[in-house]
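I have placed the structure first, in the form of structure tokens, so that the comments after it can refer back to it.
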Protein chains: 2
Amino acid sequence: MPSLVRYPDRGDPILPEFVPNGDRTIDRNQISEMIIAKLSRRNSLDAEDHLAIRGLSMDFRHHFASSYLVREGQPPSRCAFLVEGYAYRQKLTIDGHRTICSLEVPGDFVDLQNIYLRESDHDVLALTDVISVDIPVAEMRVLAETAPAVGRAMWVDGLIEGAIFREWLLNIGRRNARSRVAHILCEFSTRLQAAGLAPELTADLPMTQEQLGDALGLTSVHVNRILRTMEAEGLVTRGKRQITITDWQGIRRVATFNPRYLHLHQEQPGKVVKNR
Amino acid sequence: MPSLVRYPDRGDPILPEFVPNGDRTIDRNQISEMIIAKLSRRNSLDAEDHLAIRGLSMDFRHHFASSYLVREGQPPSRCAFLVEGYAYRQKLTIDGHRTICSLEVPGDFVDLQNIYLRESDHDVLALTDVISVDIPVAEMRVLAETAPAVGRAMWVDGLIEGAIFREWLLNIGRRNARSRVAHILCEFSTRLQAAGLAPELTADLPMTQEQLGDALGLTSVHVNRILRTMEAEGLVTRGKRQITITDWQGIRRVATFNPRYLHLHQEQPGKVVKNR
DNA sequence: TGCCTACCACAACATTTGTTAAATATACAG
DNA sequence: CTGTATATTTAACAAATGTTGTGGTAGGCA
């Protein structure tokens, strides 16, 4: 059992107001195209589908690192699409232990399940500073049901998420600490690359050792032990709140990583049947 | 790390031929109604939906305990619906360690994800003797797409499955062995009751201690230790390949079980929008 | 500038859980 | 009945991982 840590609630209320992103402007059109790209990855969408997506209401939000995007138990009214930055989901036991049960990268819908589940069973937090667009749940539902190919793409997205959860269960349940750490690095970098967000397979994972521990069922102390030896072996380099793979093949070997479960490179079988 | 165990492949080929269930006859109509009941649990279906479900091709199969229903890597052509008996999913590491990542009870679709994912990332095995009906994947796909309310029910089914995976991650990652064992008992009995398969919350879980260990990230030896003390405390009774809860409140306390993640008692929001 | 906080490093020690191996039950098949 | 396979029980021991606590460093902020 890891030490019981109180995770401070550094939620939105105590944070300063919305801060627009100074470096570059992001507009609605760009986001629509991001969403279209995401949902087309395994599924072709037609012009009408594109139109429906472009018609969604979008509400930009900036979240500081460690703030909540979704809270457990809340009846959610909006669905967040990650535009910039990383997020994660967490669940807490009654006695305050935390598990981080997934990582989300730009281009991920963070809580598609809220379209059909009435209350969230977990929290979603910003890992880094995050820009998201919020879309009303009701619109997403209508989109899914009137544009079947889009609905199907969202469904498939959830299926792959499920496959990732299963792999994490294997990771935490049956791999030793060293392999677990290696595995999360492999997965993260592979997903980043697949999403076109990184040219190389050298993840730059901006997590604290405590967060890493919570994602892997370990304590931060033990994660520290593992990372130090990995660095000594030349597998990774590290900074504060950040880990970088320097020897992909080595890390991959330690993790016994097989990306099959990510279901990349899968076109979908069959054409979408439109109406009955 | 648990001992490396070779799980014998006692798959269908070496087993005797299909043995029809002597005790009672099961017919197509009955199964259709089971499927309709399952998919109506959180979603109302109309007469047309019912008709579509009744029109599915169904192929009865009997699986002996420990035989495979689905194998990792196979491109699946059929979707199994569990009629009788229990099944489980497993994933293996390259070096032969196993994790059991879910339990399936009668009324569950065992591999709905195969509708849209081209190869399975895990195995499905019969925990007890099982009767299933197999439905061609292509028909399921057409059903989902032509009967939107049915598709939506299948989608929701997958969402809840995802919620269960997340809870298992919390369980294995952050609860001690004793709570883990208690938690799986709570979940199983709650699901059985919710599915109308058991009047009481006293699960009768027909798993070996080794299987239990694989589902909880523990070794069978340690599961044995836990179960013995639980029996001594009057929380459970046991037989070979079977555990029964005798003190529900006690077990629940040990597990710190909160069934929110099962999303029982959820009617779905909104009417299904039919066509565009 | 200097304080505060978050994060990381590290050590000594404690505990849970895993390992190995053998003995004992129990069910089933012949 | 008897043999065989499967499952459980148990013990002695080993190892991985958790616990506690202290100190260090970097960066944000007053």
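Residue numbering restarts at 1 in every chain; chains get A, B, ... in the order shown in the structure tokens, and ligands count up from 1 in that same order.
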Go through chain A residue by residue and, counting only C-alpha atoms (C1' of nucleotides), keep those with an atom at most 12 Å from chain D; for each kept residue give the shortest atom pair and its distance in Å to one decimal, ordered by chain and increasing number, as a tab-separated table.
residue	atom	partner	partner_atom	distance
A:Met1	CA	D:DG18	C1'	6.1
A:Pro2	CA	D:DG18	C1'	6.1
A:Ser3	CA	D:DT19	C1'	7.2
A:Leu4	CA	D:DT19	C1'	10.6
A:Arg175	CA	D:DA16	C1'	11.9
A:Asn176	CA	D:DA16	C1'	8.6
A:Ala177	CA	D:DT17	C1'	8.7
A:Arg178	CA	D:DA16	C1'	11.0
A:Gly213	CA	D:DT17	C1'	11.8
A:Gly217	CA	D:DT17	C1'	10.5
A:Leu218	CA	D:DT17	C1'	7.9
A:Thr219	CA	D:DG18	C1'	7.1
A:Ser220	CA	D:DG18	C1'	9.9
A:Val221	CA	D:DG18	C1'	8.5
A:His222	CA	D:DT17	C1'	7.1
A:Val223	CA	D:DT17	C1'	10.2
A:Arg225	CA	D:DT17	C1'	10.7
A:Ile226	CA	D:DT17	C1'	11.4
A:Gly239	CA	D:DA26	C1'	11.0
A:Lys240	CA	D:DA26	C1'	8.9
A:Arg241	CA	D:DA26	C1'	11.8
Could you please take those selected residues and save C-alpha atoms as a PDB file, in the first residue's frame?
ATOM      1  CA  MET A   1       0.000   0.000   0.000  1.00  0.00           C
ATOM      2  CA  PRO A   2       1.299   3.372  -0.951  1.00  0.00           C
ATOM      3  CA  SER A   3       1.303   6.160   1.537  1.00  0.00           C
ATOM      4  CA  LEU A   4      -1.983   7.894   1.851  1.00  0.00           C
ATOM      5  CA  ARG A 175       4.445  -7.033 -14.669  1.00  0.00           C
ATOM      6  CA  ASN A 176       7.129  -5.986 -12.220  1.00  0.00           C
ATOM      7  CA  ALA A 177       7.777  -2.362 -11.416  1.00  0.00           C
ATOM      8  CA  ARG A 178      10.540  -1.969 -13.961  1.00  0.00           C
ATOM      9  CA  GLY A 213       3.285   5.731  -9.246  1.00  0.00           C
ATOM     10  CA  GLY A 217       0.179   0.920  -8.737  1.00  0.00           C
ATOM     11  CA  LEU A 218       3.535   1.838  -7.181  1.00  0.00           C
ATOM     12  CA  THR A 219       4.810   4.372  -4.674  1.00  0.00           C
ATOM     13  CA  SER A 220       6.705   7.418  -5.784  1.00  0.00           C
ATOM     14  CA  VAL A 221       9.708   6.181  -3.830  1.00  0.00           C
ATOM     15  CA  HIS A 222       9.824   3.005  -5.812  1.00  0.00           C
ATOM     16  CA  VAL A 223       9.272   4.791  -9.102  1.00  0.00           C
ATOM     17  CA  ARG A 225      14.381   3.816  -7.621  1.00  0.00           C
ATOM     18  CA  ILE A 226      13.406   2.436 -11.002  1.00  0.00           C
ATOM     19  CA  GLY A 239      14.197  16.424 -15.601  1.00  0.00           C
ATOM     20  CA  LYS A 240      11.772  17.756 -13.083  1.00  0.00           C
ATOM     21  CA  ARG A 241       8.312  16.496 -13.958  1.00  0.00           C
TER      22      ARG A 241
END
task: Determine which residues of chain B sit within 8 Å of chain A, taking into account only C-alpha atoms, and present them as a ChimeraX atom specification.
output: /B:1-2,91-94,97-99,101,113,116-118,121,142,145-148,155-156,158-159,161-163,165-170,172-176,214,216-218,256,260-261,263,266,268-269,272-276
message: Please find the residues of chain C near chain A - the criterion being any atom within 12 Å, counting only C-alpha atoms (C1' of nucleotides) - and write them as a list in words.
response: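 Every residue meeting the condition is included here: DA6, DC7, DC8, DA9, DC10, DA11, DT15, DT16, DT17 and DG18 of chain C.
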query: Residues of region 121-222 of chain A in alpha helix (DSSP H) according to DSSP, as a PyMOL selection string?
result: chain A and resi 137-146+148-174+177-194+209-216+220-222
task: Name the residues of region 99-240 of chain B that fall into strand (DSSP E or B) according to DSSP on the backbone, using the chain letters and numbers of this document, as a list in words.
output: Thr99, Ile100, Cys101, Ser102, Leu103, Glu104, Phe109, Asp123, Val124, Leu125, Ala126, Val130, Ile131, Ser132, Val133, Asp134, Ile135, Pro136, Asp204, Leu205, Val236, Thr237, Arg238 and Gly239 of chain B
task: Compare A:Asp27, A:Glu33, A:Asp134, A:Asp247 by their minimum atom-to-atom distance to His63 (chain A), counting only C-alpha atoms, and give me the closest one.
output: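 Ranking A:Asp27, A:Glu33, A:Asp134, A:Asp247 by distance to His63 (chain A), first place goes to A:Asp134.
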task: Write out as a list of chain:residue names each polymer residue whose atoms come within 8 Å of Phe109 (chain A), counting only C-alpha atoms (C1' of nucleotides); drop sequence neighbours fewer than 6 positions from it.
output: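 Neighbouring residues, sequence-local ones excluded: A:Cys79, A:Ala80, A:Phe81, A:Leu82.
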Generate the output file for the selected residues, all heavy atoms, as a PDB file, in the first residue's frame.
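Written out: out.pdb:
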ATOM      1  N   CYS A  79     -18.999  17.801 -23.090  1.00  0.00           N
ATOM      2  CA  CYS A  79     -18.030  16.801 -23.494  1.00  0.00           C
ATOM      3  C   CYS A  79     -16.774  17.552 -23.894  1.00  0.00           C
ATOM      4  O   CYS A  79     -16.832  18.464 -24.715  1.00  0.00           O
ATOM      5  CB  CYS A  79     -18.567  16.149 -24.761  1.00  0.00           C
ATOM      6  SG  CYS A  79     -18.781  14.425 -24.652  1.00  0.00           S
ATOM      7  N   ALA A  80     -15.641  17.205 -23.340  1.00  0.00           N
ATOM      8  CA  ALA A  80     -14.435  17.964 -23.655  1.00  0.00           C
ATOM      9  C   ALA A  80     -13.580  17.274 -24.715  1.00  0.00           C
ATOM     10  O   ALA A  80     -13.394  16.063 -24.682  1.00  0.00           O
ATOM     11  CB  ALA A  80     -13.622  18.196 -22.390  1.00  0.00           C
ATOM     12  N   PHE A  81     -13.094  18.059 -25.640  1.00  0.00           N
ATOM     13  CA  PHE A  81     -12.168  17.588 -26.662  1.00  0.00           C
ATOM     14  C   PHE A  81     -10.837  18.274 -26.398  1.00  0.00           C
ATOM     15  O   PHE A  81     -10.774  19.500 -26.291  1.00  0.00           O
ATOM     16  CB  PHE A  81     -12.702  17.943 -28.053  1.00  0.00           C
ATOM     17  CG  PHE A  81     -11.801  17.539 -29.182  1.00  0.00           C
ATOM     18  CD1 PHE A  81     -11.744  16.214 -29.611  1.00  0.00           C
ATOM     19  CD2 PHE A  81     -11.015  18.491 -29.843  1.00  0.00           C
ATOM     20  CE1 PHE A  81     -10.918  15.842 -30.670  1.00  0.00           C
ATOM     21  CE2 PHE A  81     -10.185  18.119 -30.899  1.00  0.00           C
ATOM     22  CZ  PHE A  81     -10.138  16.797 -31.310  1.00  0.00           C
ATOM     23  N   LEU A  82      -9.785  17.475 -26.281  1.00  0.00           N
ATOM     24  CA  LEU A  82      -8.474  18.025 -25.911  1.00  0.00           C
ATOM     25  C   LEU A  82      -7.784  18.646 -27.128  1.00  0.00           C
ATOM     26  O   LEU A  82      -7.529  17.961 -28.117  1.00  0.00           O
ATOM     27  CB  LEU A  82      -7.584  16.897 -25.383  1.00  0.00           C
ATOM     28  CG  LEU A  82      -7.248  16.901 -23.904  1.00  0.00           C
ATOM     29  CD1 LEU A  82      -6.176  15.872 -23.617  1.00  0.00           C
ATOM     30  CD2 LEU A  82      -6.820  18.257 -23.438  1.00  0.00           C
TER      31      LEU A  82
END
field: Separation of CA of Gly85 (chain B) from CA of Ala37 (chain B), in Å and rounded to one decimal
entry: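 Between CA of Gly85 (chain B) and CA of Ala37 (chain B) the gap is 17.7 Å.
The gap separating CA of Ile251 (chain A) from CA of Met230 (chain A) is 8.9 Å, in Å to one decimal.
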- prompt: Using only C-alpha atoms, which of the listed residues (A:Thr190, A:Ser57, A:Gln74, A:Ser66) sits closest to Arg28 (chain A)?
  reply: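 Result for the nearest residue to Arg28 (chain A): A:Ser57.
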- prompt: Can you tell me how far CA of Asp108 (chain A) sits from CA of Asp157 (chain B), in Å to one decimal?
  reply: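 That distance, rounded to one decimal, is 20.8 Å.
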field: Residue nearest Ala194 (chain B) among B:Met58, B:Leu264, B:Leu212, B:Leu227 (counting only C-alpha atoms)
entry: B:Leu264
